[in-house]
file target_10.pdb (PDB, C-alpha atoms)
ATOM      1  CA  MET A   8      19.713  16.667   1.152
ATOM      2  CA  LEU A   9      17.462  14.148  -0.619
ATOM      3  CA  GLY A  10      14.387  16.034   0.551
ATOM      4  CA  LEU A  11      15.605  19.197  -1.187
ATOM      5  CA  LEU A  12      16.416  17.237  -4.334
ATOM      6  CA  ALA A  13      12.943  15.651  -4.220
ATOM      7  CA  GLN A  14      11.362  19.082  -4.218
ATOM      8  CA  ARG A  15      13.505  20.190  -7.149
ATOM      9  CA  ALA A  16      12.715  17.003  -9.109
ATOM     10  CA  ALA A  17       8.997  17.561  -8.533
ATOM     11  CA  GLN A  18       9.254  21.180  -9.704
ATOM     12  CA  LEU A  19      11.049  20.045 -12.875
ATOM     13  CA  GLY A  20       8.517  17.267 -13.502
ATOM     14  CA  GLN A  21      11.322  14.703 -13.306
ATOM     15  CA  PHE A  22      10.363  12.643 -10.275
ATOM     16  CA  GLU A  23      10.442   9.425 -12.291
ATOM     17  CA  GLN A  24      14.168   9.969 -12.904
ATOM     18  CA  PHE A  25      14.697  10.928  -9.256
ATOM     19  CA  ASP A  26      13.087   7.631  -8.244
ATOM     20  CA  SER A  27      15.959   5.825  -9.978
ATOM     21  CA  LEU A  28      18.395   7.719  -7.742
ATOM     22  CA  LEU A  29      16.452   6.671  -4.643
ATOM     23  CA  ARG A  30      16.545   3.020  -5.681
ATOM     24  CA  GLU A  31      20.327   3.133  -5.966
ATOM     25  CA  ALA A  32      20.741   5.067  -2.700
ATOM     26  CA  SER A  33      18.662   2.457  -0.877
ATOM     27  CA  ARG A  34      21.350  -0.167  -1.558
ATOM     28  CA  PHE A  35      23.476   1.448   1.150
ATOM     29  CA  ARG A  36      20.854   1.062   3.894
ATOM     30  CA  GLU A  37      21.157  -1.700   6.511
ATOM     31  CA  THR A  38      19.057  -4.742   5.579
ATOM     32  CA  PHE A  39      17.724  -8.008   6.990
ATOM     33  CA  SER A  40      17.366 -11.328   5.170
ATOM     34  CA  GLU A  41      15.878 -13.600   7.820
ATOM     35  CA  PRO A  42      13.025 -11.910   9.716
ATOM     36  CA  SER A  43      12.999 -12.742  13.400
ATOM     37  CA  GLU A  44      11.730 -11.358  16.693
ATOM     38  CA  GLN A  45      14.889  -9.226  16.811
ATOM     39  CA  THR A  46      14.322  -7.681  13.376
ATOM     40  CA  ARG A  47      13.762  -3.947  13.726
ATOM     41  CA  ARG A  48      10.298  -3.408  12.278
ATOM     42  CA  PRO A  49       7.236  -1.202  12.785
ATOM     43  CA  ALA A  50       4.543  -2.761  14.950
ATOM     44  CA  PRO A  51       1.123  -3.372  13.374
ATOM     45  CA  VAL A  52      -1.389  -0.725  14.445
ATOM     46  CA  ARG A  53      -4.954  -1.578  15.395
ATOM     47  CA  LEU A  54      -7.154   1.182  13.958
ATOM     48  CA  ALA A  55     -10.652  -0.119  14.721
ATOM     49  CA  HIS A  56     -12.457  -2.682  16.854
ATOM     50  CA  GLY A  57     -15.652  -4.486  15.909
ATOM     51  CA  PRO A  58     -17.548  -7.721  16.442
ATOM     52  CA  SER A  59     -18.494  -8.723  12.894
ATOM     53  CA  GLY A  60     -16.879  -9.886   9.690
ATOM     54  CA  PRO A  61     -13.313 -10.987   8.966
ATOM     55  CA  ARG A  62     -10.450  -8.898  10.293
ATOM     56  CA  LEU A  63      -9.209  -6.399   7.721
ATOM     57  CA  LEU A  64      -5.403  -6.273   7.515
ATOM     58  CA  CYS A  65      -4.223  -3.276   5.482
ATOM     59  CA  PHE A  66      -0.862  -2.671   3.801
ATOM     60  CA  PRO A  67       0.007   1.010   3.216
ATOM     61  CA  SER A  68       1.504   2.228  -0.043
ATOM     62  CA  PHE A  69       5.284   2.629  -0.123
ATOM     63  CA  ALA A  70       5.033   5.414  -2.733
ATOM     64  CA  SER A  71       5.009   7.800   0.227
ATOM     65  CA  ARG A  72       5.722   7.324   3.945
ATOM     66  CA  SER A  73       4.351   3.886   4.806
ATOM     67  CA  GLY A  74       2.238   4.155   7.935
ATOM     68  CA  ALA A  75      -1.122   3.612   9.610
ATOM     69  CA  HIS A  76      -2.110   7.227   8.845
ATOM     70  CA  GLN A  77      -2.884   6.194   5.255
ATOM     71  CA  TYR A  78      -5.932   4.249   6.493
ATOM     72  CA  ALA A  79      -7.082   6.561   9.282
ATOM     73  CA  ARG A  80     -10.142   7.894   7.442
ATOM     74  CA  LEU A  81     -11.157   4.490   6.123
ATOM     75  CA  ALA A  82     -10.762   2.868   9.552
ATOM     76  CA  ALA A  83     -12.821   5.610  11.212
ATOM     77  CA  ALA A  84     -15.848   4.309   9.307
ATOM     78  CA  ALA A  85     -15.143   0.770  10.591
ATOM     79  CA  ARG A  86     -15.198   1.522  14.315
ATOM     80  CA  GLY A  87     -17.716  -0.637  16.097
ATOM     81  CA  LYS A  88     -18.111  -2.813  12.981
ATOM     82  CA  LEU A  89     -14.958  -4.873  12.519
ATOM     83  CA  ASP A  90     -11.274  -5.073  13.421
ATOM     84  CA  VAL A  91      -8.949  -3.096  11.163
ATOM     85  CA  TRP A  92      -5.153  -3.302  11.354
ATOM     86  CA  ALA A  93      -2.461  -1.412   9.442
ATOM     87  CA  LEU A  94       0.850  -3.169   8.746
ATOM     88  CA  PRO A  95       3.460  -0.554   7.720
ATOM     89  CA  ALA A  96       6.486  -1.552   5.671
ATOM     90  CA  PRO A  97       9.828  -1.647   7.509
ATOM     91  CA  GLY A  98      12.575   0.914   6.978
ATOM     92  CA  PHE A  99      10.618   4.187   7.018
ATOM     93  CA  THR A 100      11.622   5.109  10.587
ATOM     94  CA  GLY A 101      15.107   5.644  11.987
ATOM     95  CA  GLY A 102      16.654   2.449  13.360
ATOM     96  CA  GLU A 103      14.625   0.150  11.120
ATOM     97  CA  GLU A 104      16.278  -2.009   8.483
ATOM     98  CA  LEU A 105      15.114  -2.493   4.914
ATOM     99  CA  PRO A 106      14.373  -6.005   3.638
ATOM    100  CA  ALA A 107      17.240  -7.393   1.577
ATOM    101  CA  ASP A 108      14.836  -8.820  -0.998
ATOM    102  CA  LEU A 109      11.137  -9.337  -1.630
ATOM    103  CA  ASP A 110      11.156 -12.741   0.037
ATOM    104  CA  ALA A 111      12.358 -11.177   3.301
ATOM    105  CA  LEU A 112       9.582  -8.581   3.149
ATOM    106  CA  VAL A 113       6.738 -11.027   2.522
ATOM    107  CA  ARG A 114       7.934 -13.469   5.190
ATOM    108  CA  LEU A 115       8.139 -10.642   7.723
ATOM    109  CA  HIS A 116       4.623  -9.478   6.872
ATOM    110  CA  ALA A 117       3.283 -13.037   6.889
ATOM    111  CA  GLN A 118       4.434 -13.325  10.503
ATOM    112  CA  ASP A 119       2.662 -10.081  11.368
ATOM    113  CA  VAL A 120      -0.523 -11.231   9.613
ATOM    114  CA  GLU A 121      -0.606 -14.431  11.662
ATOM    115  CA  ARG A 122      -0.310 -12.423  14.881
ATOM    116  CA  CYS A 123      -3.014  -9.932  13.911
ATOM    117  CA  ALA A 124      -5.413 -12.597  12.639
ATOM    118  CA  ASP A 125      -4.912 -14.710  15.762
ATOM    119  CA  GLY A 126      -6.690 -17.680  14.210
ATOM    120  CA  GLU A 127      -9.719 -15.677  13.027
ATOM    121  CA  PRO A 128     -10.822 -15.218   9.382
ATOM    122  CA  PHE A 129      -9.170 -12.224   7.741
ATOM    123  CA  ALA A 130      -9.007 -10.278   4.490
ATOM    124  CA  ILE A 131      -5.863  -8.646   3.070
ATOM    125  CA  LEU A 132      -6.138  -5.105   1.655
ATOM    126  CA  GLY A 133      -3.682  -2.798  -0.088
ATOM    127  CA  HIS A 134      -4.066   0.657  -1.617
ATOM    128  CA  SER A 135      -1.956   1.727  -4.607
ATOM    129  CA  ALA A 136       1.565   0.241  -4.258
ATOM    130  CA  GLY A 137       0.375  -1.322  -1.009
ATOM    131  CA  GLY A 138      -1.640  -3.630  -3.255
ATOM    132  CA  TRP A 139       1.623  -5.091  -4.545
ATOM    133  CA  ILE A 140       2.667  -5.978  -1.006
ATOM    134  CA  ALA A 141      -0.808  -7.344  -0.257
ATOM    135  CA  HIS A 142      -0.681  -9.478  -3.418
ATOM    136  CA  ALA A 143       2.789 -10.855  -2.657
ATOM    137  CA  VAL A 144       1.935 -11.552   0.998
ATOM    138  CA  THR A 145      -1.246 -13.357  -0.066
ATOM    139  CA  ALA A 146       0.856 -15.672  -2.237
ATOM    140  CA  GLN A 147       3.082 -16.423   0.766
ATOM    141  CA  LEU A 148       0.092 -17.091   3.018
ATOM    142  CA  GLU A 149      -1.350 -19.483   0.433
ATOM    143  CA  LYS A 150       1.948 -21.426   0.521
ATOM    144  CA  LEU A 151       1.683 -21.576   4.316
ATOM    145  CA  GLY A 152      -1.881 -22.892   4.126
ATOM    146  CA  ILE A 153      -3.447 -19.857   5.831
ATOM    147  CA  PRO A 154      -4.934 -17.824   2.959
ATOM    148  CA  PRO A 155      -7.144 -14.776   3.474
ATOM    149  CA  VAL A 156     -10.830 -14.937   2.636
ATOM    150  CA  ARG A 157     -10.310 -12.073   0.139
ATOM    151  CA  LEU A 158      -7.540 -10.001  -1.393
ATOM    152  CA  VAL A 159      -8.767  -6.399  -1.750
ATOM    153  CA  LEU A 160      -6.886  -4.069  -4.127
ATOM    154  CA  LEU A 161      -7.776  -0.380  -3.732
ATOM    155  CA  ASP A 162      -6.937   1.396  -7.004
ATOM    156  CA  SER A 163      -3.774  -0.668  -7.305
ATOM    157  CA  TYR A 164      -2.208  -0.673 -10.786
ATOM    158  CA  ARG A 165      -0.260  -3.620 -12.153
ATOM    159  CA  PRO A 166       3.526  -3.176 -12.344
ATOM    160  CA  GLY A 167       4.547  -1.499 -15.580
ATOM    161  CA  SER A 168       1.322   0.476 -15.992
ATOM    162  CA  ALA A 169       1.800   3.745 -17.874
ATOM    163  CA  ILE A 170      -0.367   5.452 -15.239
ATOM    164  CA  LEU A 171       2.080   4.842 -12.373
ATOM    165  CA  PRO A 172       4.539   7.683 -13.211
ATOM    166  CA  ARG A 173       1.577  10.097 -13.405
ATOM    167  CA  ILE A 174       0.450   9.073  -9.924
ATOM    168  CA  GLN A 175       3.980   9.427  -8.523
ATOM    169  CA  ALA A 176       4.355  12.879 -10.073
ATOM    170  CA  SER A 177       1.009  13.988  -8.646
ATOM    171  CA  LEU A 178       1.985  12.720  -5.206
ATOM    172  CA  ALA A 179       5.381  14.445  -5.404
ATOM    173  CA  ARG A 180       3.738  17.773  -6.232
ATOM    174  CA  GLU A 181       1.342  17.455  -3.309
ATOM    175  CA  LEU A 182       4.136  16.666  -0.895
ATOM    176  CA  THR A 183       6.919  18.953  -1.974
ATOM    177  CA  VAL A 184       5.811  21.873  -4.108
ATOM    178  CA  ASP A 185       4.544  25.065  -2.484
ATOM    179  CA  GLN A 186       3.707  23.267   0.749
ATOM    180  CA  GLY A 187       1.021  21.106  -0.879
ATOM    181  CA  SER A 188      -1.884  19.765   1.133
ATOM    182  CA  LEU A 189      -0.112  16.588   2.213
ATOM    183  CA  ALA A 190       3.064  18.437   3.198
ATOM    184  CA  ALA A 191       1.033  20.945   5.180
ATOM    185  CA  ALA A 192      -0.564  18.029   7.036
ATOM    186  CA  GLY A 193       2.869  16.876   8.227
ATOM    187  CA  GLU A 194       3.590  14.167   5.640
ATOM    188  CA  GLN A 195       7.210  15.206   5.096
ATOM    189  CA  TRP A 196       9.800  13.205   3.161
ATOM    190  CA  ASP A 197      13.167  12.945   4.927
ATOM    191  CA  ASP A 198      16.192  10.953   3.755
ATOM    192  CA  ILE A 199      15.133   7.818   5.656
ATOM    193  CA  CYS A 200      11.660   7.913   4.151
ATOM    194  CA  LEU A 201      12.919   8.603   0.629
ATOM    195  CA  THR A 202      15.500   5.799   0.616
ATOM    196  CA  ALA A 203      12.872   3.426   2.038
ATOM    197  CA  MET A 204      10.544   4.391  -0.805
ATOM    198  CA  GLY A 205      13.319   3.627  -3.262
ATOM    199  CA  GLY A 206      14.239   0.400  -1.496
ATOM    200  CA  CYS A 207      10.679  -0.962  -1.576
ATOM    201  CA  ALA A 208      10.293   0.025  -5.229
ATOM    202  CA  ARG A 209      13.532  -1.805  -6.061
ATOM    203  CA  LEU A 210      12.190  -5.022  -4.492
ATOM    204  CA  PHE A 211       9.371  -5.095  -7.029
ATOM    205  CA  GLU A 212      11.427  -4.181 -10.132
ATOM    206  CA  SER A 213      11.276  -7.710 -11.587
ATOM    207  CA  TRP A 214       8.169  -8.924  -9.732
ATOM    208  CA  GLN A 215       5.599 -10.682 -11.895
ATOM    209  CA  PRO A 216       2.402 -11.322  -9.898
ATOM    210  CA  GLN A 217       0.838 -14.736 -10.316
ATOM    211  CA  GLN A 218      -2.880 -15.424 -10.286
ATOM    212  CA  PRO A 219      -3.778 -16.122  -6.622
ATOM    213  CA  SER A 220      -6.184 -18.837  -5.523
ATOM    214  CA  THR A 221      -7.743 -16.283  -3.171
ATOM    215  CA  PRO A 222     -10.704 -14.357  -4.680
ATOM    216  CA  VAL A 223      -9.757 -10.766  -5.538
ATOM    217  CA  LEU A 224     -11.852  -7.621  -5.147
ATOM    218  CA  GLN A 225     -10.602  -4.686  -7.242
ATOM    219  CA  VAL A 226     -11.977  -1.369  -5.936
ATOM    220  CA  ARG A 227     -11.454   1.359  -8.533
ATOM    221  CA  ALA A 228     -11.679   5.144  -8.193
ATOM    222  CA  ALA A 229     -14.436   6.761 -10.248
ATOM    223  CA  GLU A 230     -12.523  10.008 -10.896
ATOM    224  CA  PRO A 231      -9.169  10.462 -12.698
ATOM    225  CA  LEU A 232      -6.342  12.567 -11.341
ATOM    226  CA  PRO A 233      -5.339  15.720 -13.264
ATOM    227  CA  GLY A 234      -3.243  14.794 -16.284
ATOM    228  CA  PHE A 235      -4.705  11.309 -16.689
ATOM    229  CA  PRO A 236      -5.666  10.235 -20.247
ATOM    230  CA  GLU A 237      -9.345  10.435 -21.179
ATOM    231  CA  THR A 238      -9.707   6.654 -21.437
ATOM    232  CA  GLY A 239      -7.915   3.570 -20.160
ATOM    233  CA  TRP A 240      -6.771   5.176 -16.914
ATOM    234  CA  GLN A 241      -8.565   2.931 -14.409
ATOM    235  CA  ALA A 242      -6.701   0.166 -12.582
ATOM    236  CA  SER A 243      -7.438  -3.416 -13.583
ATOM    237  CA  TRP A 244      -6.117  -6.836 -12.548
ATOM    238  CA  GLN A 245      -8.100  -9.175 -14.741
ATOM    239  CA  GLY A 246      -8.236 -12.834 -13.836
ATOM    240  CA  ALA A 247     -10.391 -15.694 -12.635
ATOM    241  CA  GLY A 248     -12.092 -14.903  -9.354
ATOM    242  CA  HIS A 249     -11.702 -11.124  -9.802
ATOM    243  CA  THR A 250     -14.581  -8.783  -8.993
ATOM    244  CA  GLU A 251     -14.483  -5.069  -9.847
ATOM    245  CA  VAL A 252     -16.437  -2.286  -8.123
ATOM    246  CA  GLU A 253     -16.246   1.493  -8.488
ATOM    247  CA  VAL A 254     -16.329   4.006  -5.635
ATOM    248  CA  PRO A 255     -16.466   7.826  -5.412
ATOM    249  CA  GLY A 256     -13.274   9.866  -5.431
ATOM    250  CA  ASN A 257      -9.886   9.717  -7.135
ATOM    251  CA  HIS A 258      -6.773   7.685  -6.390
ATOM    252  CA  PHE A 259      -6.093   9.636  -3.191
ATOM    253  CA  THR A 260      -9.515  10.780  -1.955
ATOM    254  CA  MET A 261     -11.031   7.280  -2.105
ATOM    255  CA  THR A 262      -9.182   6.506   1.143
ATOM    256  CA  GLY A 263      -9.509  10.076   2.451
ATOM    257  CA  GLU A 264     -12.705  12.063   2.310
ATOM    258  CA  HIS A 265     -14.482   9.156   0.582
ATOM    259  CA  GLY A 266     -13.078   6.521   2.922
ATOM    260  CA  ASP A 267     -16.516   5.672   4.303
ATOM    261  CA  SER A 268     -17.870   4.872   0.807
ATOM    262  CA  THR A 269     -14.806   2.766   0.012
ATOM    263  CA  LEU A 270     -15.127   0.791   3.234
ATOM    264  CA  ARG A 271     -18.852   0.275   2.644
ATOM    265  CA  ALA A 272     -18.126  -1.215  -0.799
ATOM    266  CA  VAL A 273     -15.586  -3.612   0.720
ATOM    267  CA  LEU A 274     -17.888  -4.657   3.563
ATOM    268  CA  ASP A 275     -20.866  -5.116   1.230
ATOM    269  CA  HIS A 276     -18.784  -7.420  -0.937
ATOM    270  CA  LEU A 277     -17.485  -9.444   2.021
ATOM    271  CA  ALA A 278     -20.996  -9.769   3.479
ATOM    272  CA  ALA A 279     -22.399 -11.008   0.158
ATOM    273  CA  GLN A 280     -19.829 -13.796  -0.182
ATOM    274  CA  PRO A 281     -20.038 -17.211   1.505
TER     275      PRO A 281
END
call {"tool": "encode", "arguments": {"input": "target_10.pdb", "output": "structure tokens"}}
result
Amino acid sequence: MLGLLAQRAAQLGQFEQFDSLLREASRFRETFSEPSEQTRRPAPVRLAHGPSGPRLLCFPSFASRSGAHQYARLAAAARGKLDVWALPAPGFTGGEELPADLDALVRLHAQDVERCADGEPFAILGHSAGGWIAHAVTAQLEKLGIPPVRLVLLDSYRPGSAILPRIQASLARELTVDQGSLAAAGEQWDDICLTAMGGCARLFESWQPQQPSTPVLQVRAAEPLPGFPETGWQASWQGAGHTEVEVPGNHFTMTGEHGDSTLRAVLDHLAAQP
């Protein structure tokens, strides 16, 4: 039922209001508070193997179905160069629980990061809303004394940005209206996926990111999406230790058809740093 309502909301241009419904519906999902080995979660997915550089641990966006597929094109350019892992958010697959709060989510992901890093240097990366998870997990890892060498934010907008509803509306159209390109590729939104999207969004409703000690690389898309304002549309997280670079493509294609250019920008930055 929610999938049909999502399509109607997208057609009416009211997906921002529909998102409020999803946040409330997510309250009735099963949740976990203390992550453990028994917590039902998605397993991290290794997307590339390579001998050089820090391991790249990637958090998918929760503005659509969280999964390793979001980084498939980017990781393809990393094969033979470095290890790339994707760490999907819990709750997007049947049988998985949603985190009860943000603390439960970041502690669960911190455990997964430790396993994937396995004592080796690593960088944390997040695209779009996945950057919020990456930012929050980095803060947790700093508390644990195992910070990443870099926090990489791929076109990730700060909470409250006026651009975020425009991105969500564009994504909704691609997924639900007239069998858009993403829907045709099999990226369907079912009730489990939609309530997980709402549940993750609800976790960050009052989140105020703090300046991390870890150096931050902000990778910004060079092209706006349709409907973006003429100026002021690019993502920015200003702060000490922040570096900004621009790559080809828009918010979506920078990890798709331009994934190789995006990865090259990240690797060039990591290689240039001590």
call {"tool": "resolve_selection", "arguments": {"input": "target_10.pdb", "expression": "the PyMOL selection byres ((chain A and resi 139) around 12)", "output": "PDB file with C-alpha atoms, in the frame of the given file"}}
result
ATOM      1  CA  CYS A  65      -4.223  -3.276   5.482  1.00  0.00           C
ATOM      2  CA  PHE A  66      -0.862  -2.671   3.801  1.00  0.00           C
ATOM      3  CA  PRO A  67       0.007   1.010   3.216  1.00  0.00           C
ATOM      4  CA  SER A  68       1.504   2.228  -0.043  1.00  0.00           C
ATOM      5  CA  PHE A  69       5.284   2.629  -0.123  1.00  0.00           C
ATOM      6  CA  ALA A  70       5.033   5.414  -2.733  1.00  0.00           C
ATOM      7  CA  ALA A  96       6.486  -1.552   5.671  1.00  0.00           C
ATOM      8  CA  LEU A 109      11.137  -9.337  -1.630  1.00  0.00           C
ATOM      9  CA  LEU A 112       9.582  -8.581   3.149  1.00  0.00           C
ATOM     10  CA  VAL A 113       6.738 -11.027   2.522  1.00  0.00           C
ATOM     11  CA  ILE A 131      -5.863  -8.646   3.070  1.00  0.00           C
ATOM     12  CA  LEU A 132      -6.138  -5.105   1.655  1.00  0.00           C
ATOM     13  CA  GLY A 133      -3.682  -2.798  -0.088  1.00  0.00           C
ATOM     14  CA  HIS A 134      -4.066   0.657  -1.617  1.00  0.00           C
ATOM     15  CA  SER A 135      -1.956   1.727  -4.607  1.00  0.00           C
ATOM     16  CA  ALA A 136       1.565   0.241  -4.258  1.00  0.00           C
ATOM     17  CA  GLY A 137       0.375  -1.322  -1.009  1.00  0.00           C
ATOM     18  CA  GLY A 138      -1.640  -3.630  -3.255  1.00  0.00           C
ATOM     19  CA  ILE A 140       2.667  -5.978  -1.006  1.00  0.00           C
ATOM     20  CA  ALA A 141      -0.808  -7.344  -0.257  1.00  0.00           C
ATOM     21  CA  HIS A 142      -0.681  -9.478  -3.418  1.00  0.00           C
ATOM     22  CA  ALA A 143       2.789 -10.855  -2.657  1.00  0.00           C
ATOM     23  CA  VAL A 144       1.935 -11.552   0.998  1.00  0.00           C
ATOM     24  CA  THR A 145      -1.246 -13.357  -0.066  1.00  0.00           C
ATOM     25  CA  ALA A 146       0.856 -15.672  -2.237  1.00  0.00           C
ATOM     26  CA  LEU A 158      -7.540 -10.001  -1.393  1.00  0.00           C
ATOM     27  CA  VAL A 159      -8.767  -6.399  -1.750  1.00  0.00           C
ATOM     28  CA  LEU A 160      -6.886  -4.069  -4.127  1.00  0.00           C
ATOM     29  CA  LEU A 161      -7.776  -0.380  -3.732  1.00  0.00           C
ATOM     30  CA  ASP A 162      -6.937   1.396  -7.004  1.00  0.00           C
ATOM     31  CA  SER A 163      -3.774  -0.668  -7.305  1.00  0.00           C
ATOM     32  CA  TYR A 164      -2.208  -0.673 -10.786  1.00  0.00           C
ATOM     33  CA  ARG A 165      -0.260  -3.620 -12.153  1.00  0.00           C
ATOM     34  CA  PRO A 166       3.526  -3.176 -12.344  1.00  0.00           C
ATOM     35  CA  GLY A 167       4.547  -1.499 -15.580  1.00  0.00           C
ATOM     36  CA  CYS A 207      10.679  -0.962  -1.576  1.00  0.00           C
ATOM     37  CA  ALA A 208      10.293   0.025  -5.229  1.00  0.00           C
ATOM     38  CA  LEU A 210      12.190  -5.022  -4.492  1.00  0.00           C
ATOM     39  CA  PHE A 211       9.371  -5.095  -7.029  1.00  0.00           C
ATOM     40  CA  GLU A 212      11.427  -4.181 -10.132  1.00  0.00           C
ATOM     41  CA  TRP A 214       8.169  -8.924  -9.732  1.00  0.00           C
ATOM     42  CA  GLN A 215       5.599 -10.682 -11.895  1.00  0.00           C
ATOM     43  CA  PRO A 216       2.402 -11.322  -9.898  1.00  0.00           C
ATOM     44  CA  GLN A 217       0.838 -14.736 -10.316  1.00  0.00           C
ATOM     45  CA  TRP A 244      -6.117  -6.836 -12.548  1.00  0.00           C
TER      46      TRP A 244
END
call {"tool": "atom_distance", "arguments": {"input": "target_10.pdb", "atom1": "CA of Gly10 (chain A)", "atom2": "CA of Arg180 (chain A)"}}
result
12.7 Å
call {"tool": "closest_residue", "arguments": {"input": "target_10.pdb", "among": "A:Ala16, A:Ala83, A:Leu171, A:Ala124", "to": "Gly234 (chain A)", "atoms": "all atoms listed in the file"}}
result
A:Leu171
call {"tool": "closest_residue", "arguments": {"input": "target_10.pdb", "among": "A:Cys200, A:Leu178, A:Leu277, A:Ile170", "to": "Ala17 (chain A)", "atoms": "only C-alpha atoms"}}
result
A:Leu178
call {"tool": "atom_distance", "arguments": {"input": "target_10.pdb", "atom1": "CA of Gly98 (chain A)", "atom2": "CA of Asp26 (chain A)"}}
result
16.6 Å
call {"tool": "resolve_selection", "arguments": {"input": "target_10.pdb", "expression": "the PyMOL selection byres ((chain A and resi 257) around 12)", "output": "PDB file with C-alpha atoms, keeping the file's coordinate frame"}}
result
ATOM      1  CA  SER A 135      -1.956   1.727  -4.607  1.00  0.00           C
ATOM      2  CA  LEU A 161      -7.776  -0.380  -3.732  1.00  0.00           C
ATOM      3  CA  ASP A 162      -6.937   1.396  -7.004  1.00  0.00           C
ATOM      4  CA  ILE A 174       0.450   9.073  -9.924  1.00  0.00           C
ATOM      5  CA  SER A 177       1.009  13.988  -8.646  1.00  0.00           C
ATOM      6  CA  VAL A 226     -11.977  -1.369  -5.936  1.00  0.00           C
ATOM      7  CA  ARG A 227     -11.454   1.359  -8.533  1.00  0.00           C
ATOM      8  CA  ALA A 228     -11.679   5.144  -8.193  1.00  0.00           C
ATOM      9  CA  ALA A 229     -14.436   6.761 -10.248  1.00  0.00           C
ATOM     10  CA  GLU A 230     -12.523  10.008 -10.896  1.00  0.00           C
ATOM     11  CA  PRO A 231      -9.169  10.462 -12.698  1.00  0.00           C
ATOM     12  CA  LEU A 232      -6.342  12.567 -11.341  1.00  0.00           C
ATOM     13  CA  PRO A 233      -5.339  15.720 -13.264  1.00  0.00           C
ATOM     14  CA  PHE A 235      -4.705  11.309 -16.689  1.00  0.00           C
ATOM     15  CA  TRP A 240      -6.771   5.176 -16.914  1.00  0.00           C
ATOM     16  CA  GLN A 241      -8.565   2.931 -14.409  1.00  0.00           C
ATOM     17  CA  ALA A 242      -6.701   0.166 -12.582  1.00  0.00           C
ATOM     18  CA  GLU A 253     -16.246   1.493  -8.488  1.00  0.00           C
ATOM     19  CA  VAL A 254     -16.329   4.006  -5.635  1.00  0.00           C
ATOM     20  CA  PRO A 255     -16.466   7.826  -5.412  1.00  0.00           C
ATOM     21  CA  GLY A 256     -13.274   9.866  -5.431  1.00  0.00           C
ATOM     22  CA  HIS A 258      -6.773   7.685  -6.390  1.00  0.00           C
ATOM     23  CA  PHE A 259      -6.093   9.636  -3.191  1.00  0.00           C
ATOM     24  CA  THR A 260      -9.515  10.780  -1.955  1.00  0.00           C
ATOM     25  CA  MET A 261     -11.031   7.280  -2.105  1.00  0.00           C
ATOM     26  CA  THR A 262      -9.182   6.506   1.143  1.00  0.00           C
ATOM     27  CA  GLY A 263      -9.509  10.076   2.451  1.00  0.00           C
ATOM     28  CA  GLU A 264     -12.705  12.063   2.310  1.00  0.00           C
ATOM     29  CA  HIS A 265     -14.482   9.156   0.582  1.00  0.00           C
ATOM     30  CA  GLY A 266     -13.078   6.521   2.922  1.00  0.00           C
ATOM     31  CA  THR A 269     -14.806   2.766   0.012  1.00  0.00           C
TER      32      THR A 269
END
call {"tool": "resolve_selection", "arguments": {"input": "target_10.pdb", "expression": "the PyMOL selection byres ((chain A and resi 221) around 9)", "output": "short mmCIF file (atom, residue, chain, number, x, y, z; two decimals) with C-alpha atoms, keeping the file's coordinate frame"}}
result
data_model
loop_
_atom_site.label_atom_id
_atom_site.label_comp_id
_atom_site.auth_asym_id
_atom_site.auth_seq_id
_atom_site.Cartn_x
_atom_site.Cartn_y
_atom_site.Cartn_z
CA THR A 145 -1.25 -13.36 -0.07
CA ALA A 146 0.86 -15.67 -2.24
CA GLU A 149 -1.35 -19.48 0.43
CA PRO A 154 -4.93 -17.82 2.96
CA PRO A 155 -7.14 -14.78 3.47
CA VAL A 156 -10.83 -14.94 2.64
CA ARG A 157 -10.31 -12.07 0.14
CA LEU A 158 -7.54 -10.00 -1.39
CA GLN A 218 -2.88 -15.42 -10.29
CA PRO A 219 -3.78 -16.12 -6.62
CA SER A 220 -6.18 -18.84 -5.52
CA PRO A 222 -10.70 -14.36 -4.68
CA VAL A 223 -9.76 -10.77 -5.54
CA GLY A 248 -12.09 -14.90 -9.35
#
call {"tool": "atom_distance", "arguments": {"input": "target_10.pdb", "atom1": "CA of Leu11 (chain A)", "atom2": "CA of Asp197 (chain A)"}}
result
9.1 Å
call {"tool": "residues_around", "arguments": {"input": "target_10.pdb", "residues": "region 32-43 of chain A", "least_positions_apart": "5", "cutoff": "9 Å", "atoms": "only C-alpha atoms", "output": "PyMOL selection string"}}
result
chain A and resi 27+98+103-108+110-112+114-115+118+201-207+209
call {"tool": "closest_residue", "arguments": {"input": "target_10.pdb", "among": "A:Leu224, A:Ala169, A:Leu19, A:Ala85", "to": "Gly60 (chain A)", "atoms": "only C-alpha atoms"}}
result
A:Ala85
call {"tool": "closest_residue", "arguments": {"input": "target_10.pdb", "among": "A:Val120, A:Ala13, A:Ala176, A:Leu64", "to": "Trp92 (chain A)", "atoms": "all atoms listed in the file"}}
result
A:Leu64
call {"tool": "closest_residue", "arguments": {"input": "target_10.pdb", "among": "A:Glu23, A:Arg122, A:Leu54, A:Gln280", "to": "Ala79 (chain A)", "atoms": "only C-alpha atoms"}}
result
A:Leu54
call {"tool": "closest_residue", "arguments": {"input": "target_10.pdb", "among": "A:Gln18, A:Thr100, A:Gln77, A:Ser71", "to": "Ala50 (chain A)", "atoms": "all atoms listed in the file"}}
result
A:Thr100
call {"tool": "axis_aligned_box", "arguments": {"input": "target_10.pdb", "around": "region 53-58 of chain A", "padding_each_side": "4 Å", "output": "lines of an AutoDock Vina configuration file"}}
result
center_x = -11.3
center_y = -3.3
center_z = 15.4
size_x = 20.6
size_y = 16.9
size_z = 10.9
